[in-house]
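Have a look at the structure below before the remarks.
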Amino acid sequence: MTTADNGVNVQALLDAREALKNAPEAAQFTWRATSKWQKGVHSTTTVQNFFGLGQEQSHKTETVLDADHPEVFAAEDNAITPIEYLLVGLASCLTAGVASVAQNRGIQLRSVESVVEGNHDIRGILGDTDVRNGYNDIKVTFTIDADASKQEIEALVAQSQKRSAVFDALTNPTNVSVEVA
Amino acid sequence: MVLERGEVANSWRRERWESLRLLTPNWQTRLPGHHYEGPDPDGYMTMGEVIKFIDHFAAVCRAPVRTSVAVTSLRRADDGYLVATNDGDIRCRTAIIASGACNLPAVPALAEAVPSALTQFTPFGYQGPAHLPDGGVLVVGASATGVQLAAEIRRSGRPVILSVGEHVRLPRTYRGRDVLWWMDSSGVWDQRHDEIDDLARARRLPSPQLVGTPERTTLDLNALSAMGIELTGRLAAVRDGRALFSGGLRNVFALADLKLQRLLDTFDAWAGSAEAGEGFEPTLVPASPRLQLDLRSGEVRTIVWATGFRPDYRWLDLPVLDAKGHLQHDGGVVATPGLYALGLPVLRRRKSTFIHGISDDARDVIEHLAQTLAAR
Ligand SMILES: Cc1cc2nc3c(=O)[nH]c(=O)nc-3n(C[C@H](O)[C@H](O)[C@H](O)COP(=O)(O)OP(=O)(O)OC[C@H]3O[C@@H](n4cnc5c(N)ncnc54)[C@H](O)[C@@H]3O)c2cc1C
């Protein structure tokens with residue numbers, strides 16, 4: 001059954017789960033991003049270092065992400081808007097989940113594509129207090145080609161939501177504290 | 001000897017609500033050499049009937065029960081155990097922990113943030129709708145207890161909001177038979193602990209959404225929606241007097257619907273039936289499930305925590321619990337020699353925590369115990 005190869009090292013993940021059972025401290029990660037204002041609503045955020053497994057860690061390279069607003073918001077549109085980054089996070093997290101779960105279940109994937117749409121009433125951010133600032137709802141539609149039945153594919157997608165960090169972060173409240181250094 | 005802090009069938013006498021009936025059918029309610037003999041094998045026992053059934057079994061098998069004896073400590077002594085009780089100490093070479101899997105309601109820590117104006121119940125304190133304050137009720141948890149209480153509270157005329165996390169959806173009957181007949185006959189319930197891929201997960205599985213009623217009605221979430229119960233996502237936090245619910249409701253529905261279909265496919269495969277059985281409507285997702293509830297608004301005056309149960313091991317003075325407080329055992333055999341457990345989820349089989357599940361488990365565990373004694 002496990003001839004499927006989606007390029008996910010599931011064994012390493014299962015081993016990690018076992019190892020962390022007896023070392024919950026090592027499971028405590030802190031992800032970080034550093035942001036700098038450019039001009040207008042344009043900012044640049046860099047991501048490289050994080051903490052985990054009891055020590056400082058680093059990605060192989062630094063990632064630089066720009067964010068701006070579109071011209072319809074009277075901005076320069078140097079890059080995508082911050083709220084679109086949430087869609088990037090959600091799509092990539094669910095996709096990673098689909099690949100991992102498929103690997104674990106011995107399902108060979110041929111293609112996994114998704115469209116993520118977030119419905120947003122922008123009156124909220126413009127000051128209408130009866131409208132929320134964030135998304136009203138988000139819809140993800142997967143198109144998956146794999147050696148599996150429709151039911152198995154639906155189960156992959158369901159399980160990937162169940163284990164997704166970003167799905168959880170978007171669907172459940174999180175304490176956020178913003179301070180001035 | 002059997003030590004019991006209360007009376008025989010104590011949990012059924014003291015820890016259940018008024019309207020409760022078993023969700024397992026009468027014919028399935030059996031103990032070694034003892035089974036239901038009444039006129040309604042497909043019915044479901046009331047608490048009074050369960051108590052009578054167990055009382056009768058205790059009398060017939062002449063179990064050496066010492067009632068009103070509470071064990072206050074169990075610890076190692078020489079090559080055996082010292083059992084301290086409110087009625088003196090007892091020494092023994094072997095001991096079986098059969099103190100139950102559901103001694104205490106498991107209430108999430110976030111309950112502490114609930115404004116004090118609300119009345120809170122656990123299934124142990126809950127008797128029936130007549131004992132609730134007037135007004136809306138938030139029921140947290142949609143397993144057997146939660147769906148049953150939500151339905152009876154709704155029938156009392158109160159608005160009910162049911163917060164739904166992961167759950168096990170089952171129809172009451174399938175192809176004309178009790179779904180638990182299928183669990184039993186198809187061998188699903190006999191699946192052994194050492195055959196299950198993810199045992200830890202199987203042991204955490206919540207109880208199925210079932211109720212025992214004379215009409216054999218299905219009590220899934222669609223049935224509850226049809227009664228006018230509002231479904232919301234899992235209760236994730238209580239912040240500034242507001243209950244915040246998860247926006248992942250659709251996925252817990254999808255997980256439960258998929259699992260149900262797989263289970264029914266298993267039944268069909270076992271029965272060798274080629275034609276499809278009755279299909280089930282997917283769980284209907286509310287148009288826009290609410291994400292918040294202002295607990296100070298008066299919309300809801302009562303919260304019922306149907307969030308599961310856990311064992312109470314405060315009397316167990318042995319290093320046999322894991323970091324999360326679960327008793328560590330291998331099919332009921334605890335690592336400390338001569339110590340055993342019975343009556344825990346999937347102890348040896350999927351049916352382990354059901355009344356009829358004890359016979360096979362007890363036989364296996366006692367066999368091990370007898371060998372241990374003989375080898376000394
Ligand atoms: C709400 C609810 C509904 C259920 N419905 C069903 C159903 O429909 N069908 C079904 O098959 N199963 C059902 N169950 C599961 C049911 O609990 C088991 O089937 C069965 O009762 C387990 O029996 P037990 O003897 O292992 O545990 P219990 O019935 O919990 O008995 C344990 C006994 O140990 C005693 N005890 C605990 N600690 C001590 C101590 N320190 N000293 C002395 N005595 C102690 C307790 O007083 C209790 O009498 C239900 C459970 C709950 C909670």
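Letters for chains follow the order of the structure tokens (A, B, ...), residue numbers begin at 1 for each chain, and ligand numbers begin at 1 in the order shown.
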
Can you list, as a PyMOL selection string, every protein, DNA or RNA residue that comes within 7 Å of range 134-138 of chain A when you count only C-alpha atoms, leaving out same-chain residues fewer than 2 positions away?
chain A and resi 117-120+132+140

File of the preceding selection, N, CA, C and O atoms, as an mmCIF file, in the first residue's frame:
data_model
loop_
_atom_site.group_PDB
_atom_site.id
_atom_site.type_symbol
_atom_site.label_atom_id
_atom_site.label_comp_id
_atom_site.auth_asym_id
_atom_site.auth_seq_id
_atom_site.Cartn_x
_atom_site.Cartn_y
_atom_site.Cartn_z
ATOM 1 N N GLU A 117 -11.454 31.695 -1.518
ATOM 2 C CA GLU A 117 -12.122 32.987 -1.643
ATOM 3 C C GLU A 117 -12.549 33.460 -0.263
ATOM 4 O O GLU A 117 -13.197 32.719 0.473
ATOM 5 N N GLY A 118 -12.179 34.686 0.060
ATOM 6 C CA GLY A 118 -12.608 35.262 1.332
ATOM 7 C C GLY A 118 -13.555 36.415 1.069
ATOM 8 O O GLY A 118 -13.206 37.340 0.340
ATOM 9 N N ASN A 119 -14.759 36.322 1.632
ATOM 10 C CA ASN A 119 -15.727 37.403 1.426
ATOM 11 C C ASN A 119 -15.571 38.457 2.513
ATOM 12 O O ASN A 119 -15.590 38.145 3.700
ATOM 13 N N HIS A 120 -15.423 39.675 2.072
ATOM 14 C CA HIS A 120 -15.025 40.751 2.966
ATOM 15 C C HIS A 120 -15.887 41.971 2.699
ATOM 16 O O HIS A 120 -15.941 42.456 1.575
ATOM 17 N N ARG A 132 -18.124 43.703 10.602
ATOM 18 C CA ARG A 132 -16.838 43.296 11.165
ATOM 19 C C ARG A 132 -15.699 43.666 10.217
ATOM 20 O O ARG A 132 -15.894 43.805 9.004
ATOM 21 N N VAL A 140 -13.033 27.436 0.466
ATOM 22 C CA VAL A 140 -11.917 26.776 -0.202
ATOM 23 C C VAL A 140 -12.494 25.670 -1.074
ATOM 24 O O VAL A 140 -13.316 24.878 -0.602
#

Check every protein, DNA and RNA residue against ligand 1, keep those with an atom at most 6 Å away (counting only C-alpha atoms and all ligand atoms), and present them as a PyMOL selection string.
chain B and resi 3-6+9-11+16+22-24+69-72+98-102+343+353-355

Take the residues that were just selected and, keeping N, CA, C and O atoms, output them as a short mmCIF file (atom, residue, chain, number, x, y, z; two decimals), in the first residue's frame.
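Printed below is out-v4.cif as written:
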data_model
loop_
_atom_site.label_atom_id
_atom_site.label_comp_id
_atom_site.auth_asym_id
_atom_site.auth_seq_id
_atom_site.Cartn_x
_atom_site.Cartn_y
_atom_site.Cartn_z
N LEU B 3 -15.15 -4.11 46.63
CA LEU B 3 -15.39 -2.95 47.49
C LEU B 3 -16.17 -1.89 46.73
O LEU B 3 -15.81 -1.53 45.61
N GLU B 4 -17.24 -1.41 47.33
CA GLU B 4 -18.10 -0.42 46.68
C GLU B 4 -18.39 0.70 47.68
O GLU B 4 -18.93 0.43 48.75
N ARG B 5 -18.07 1.92 47.29
CA ARG B 5 -18.25 3.04 48.23
C ARG B 5 -19.73 3.35 48.49
O ARG B 5 -20.08 3.90 49.53
N GLY B 6 -20.57 3.00 47.52
CA GLY B 6 -22.01 3.25 47.70
C GLY B 6 -22.76 1.95 47.77
O GLY B 6 -22.49 1.11 48.63
N ALA B 9 -24.63 -1.03 41.75
CA ALA B 9 -25.16 -0.19 40.66
C ALA B 9 -25.16 1.29 41.04
O ALA B 9 -26.04 2.05 40.64
N ASN B 10 -24.16 1.67 41.82
CA ASN B 10 -24.14 3.03 42.35
C ASN B 10 -24.18 4.11 41.29
O ASN B 10 -24.89 5.10 41.42
N SER B 11 -23.40 3.93 40.21
CA SER B 11 -23.35 5.00 39.20
C SER B 11 -24.72 5.18 38.56
O SER B 11 -25.12 6.30 38.22
N ARG B 16 -26.93 9.69 37.16
CA ARG B 16 -27.66 9.78 35.89
C ARG B 16 -28.86 10.70 36.06
O ARG B 16 -29.36 10.87 37.16
N LEU B 22 -31.10 3.49 28.75
CA LEU B 22 -29.91 3.00 28.08
C LEU B 22 -30.03 3.29 26.59
O LEU B 22 -31.12 3.35 26.04
N LEU B 23 -28.89 3.47 25.94
CA LEU B 23 -28.93 3.60 24.48
C LEU B 23 -28.66 2.25 23.83
O LEU B 23 -28.74 2.10 22.62
N THR B 24 -28.32 1.25 24.64
CA THR B 24 -28.14 -0.11 24.15
C THR B 24 -29.46 -0.87 24.35
O THR B 24 -30.09 -0.73 25.40
N VAL B 69 -18.07 0.92 51.42
CA VAL B 69 -16.64 0.89 51.75
C VAL B 69 -15.91 1.65 50.64
O VAL B 69 -15.83 1.19 49.50
N ALA B 70 -15.39 2.81 50.98
CA ALA B 70 -14.69 3.63 49.99
C ALA B 70 -13.19 3.40 50.11
O ALA B 70 -12.64 3.46 51.22
N VAL B 71 -12.56 3.11 49.01
CA VAL B 71 -11.10 2.96 49.01
C VAL B 71 -10.51 4.37 49.02
O VAL B 71 -10.81 5.19 48.16
N THR B 72 -9.67 4.64 50.01
CA THR B 72 -9.07 5.97 50.10
C THR B 72 -7.63 5.96 49.61
O THR B 72 -7.08 7.00 49.30
N ALA B 98 -11.69 -1.33 39.10
CA ALA B 98 -12.94 -1.36 38.32
C ALA B 98 -13.82 -0.23 38.82
O ALA B 98 -15.03 -0.37 38.99
N SER B 99 -13.18 0.91 39.06
CA SER B 99 -13.88 2.02 39.69
C SER B 99 -14.62 2.90 38.69
O SER B 99 -15.17 3.93 39.06
N GLY B 100 -14.59 2.50 37.41
CA GLY B 100 -15.41 3.22 36.43
C GLY B 100 -14.61 4.22 35.61
O GLY B 100 -13.58 4.72 36.05
N ALA B 101 -15.11 4.52 34.43
CA ALA B 101 -14.45 5.46 33.50
C ALA B 101 -15.08 6.84 33.58
O ALA B 101 -14.58 7.79 32.99
N CYS B 102 -16.18 6.95 34.29
CA CYS B 102 -16.97 8.19 34.25
C CYS B 102 -17.29 8.70 35.64
O CYS B 102 -18.44 9.01 35.95
N GLY B 343 -13.18 -2.04 32.52
CA GLY B 343 -14.22 -1.01 32.34
C GLY B 343 -13.73 0.31 31.78
O GLY B 343 -14.42 1.31 31.91
N THR B 353 -16.45 -0.50 27.18
CA THR B 353 -17.13 0.31 28.20
C THR B 353 -18.63 0.11 28.22
O THR B 353 -19.33 0.82 28.93
N PHE B 354 -19.12 -0.82 27.40
CA PHE B 354 -20.57 -1.06 27.45
C PHE B 354 -20.87 -2.21 28.41
O PHE B 354 -20.01 -3.04 28.67
N ILE B 355 -22.09 -2.23 28.90
CA ILE B 355 -22.46 -3.24 29.90
C ILE B 355 -22.13 -4.64 29.38
O ILE B 355 -21.53 -5.45 30.07
#

Residue list for chain B near chain A as a PyMOL selection string, 12 Å, only C-alpha atoms:
chain B and resi 165-166+197-198+233-239+242-262+265+287-292+322-324

DSSP on the backbone: which residues in range 29-161 of chain A end up as helix (DSSP H, G or I)? Give the answer as number ranges by chain.
A: 71-73, 82-104, 150-161

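Residues in contact with Val88 in chain A at up to 12 Å, not including ones fewer than 6 positions away on its chain and judged by only C-alpha atoms, are A:Leu65, A:Ile80, A:Thr81, A:Pro82, A:Leu94, A:Thr95, A:Ser114, A:Val115, A:Val116, A:Glu117, A:Gly118, A:Val140, A:Val166, A:Phe167.
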
Just the residues within 7 Å of range 154-164 of chain B, please, counting only C-alpha atoms, with nothing from its chain fewer than 5 positions along; format it as an MDAnalysis selection string.
chainID B and resid 129 135:142 229:235

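Among the candidate residues B:Leu31, B:Ala151, B:Leu263, B:Val168, the one lying nearest to Gly357 in chain B is B:Leu31, with distances computed using only C-alpha atoms.
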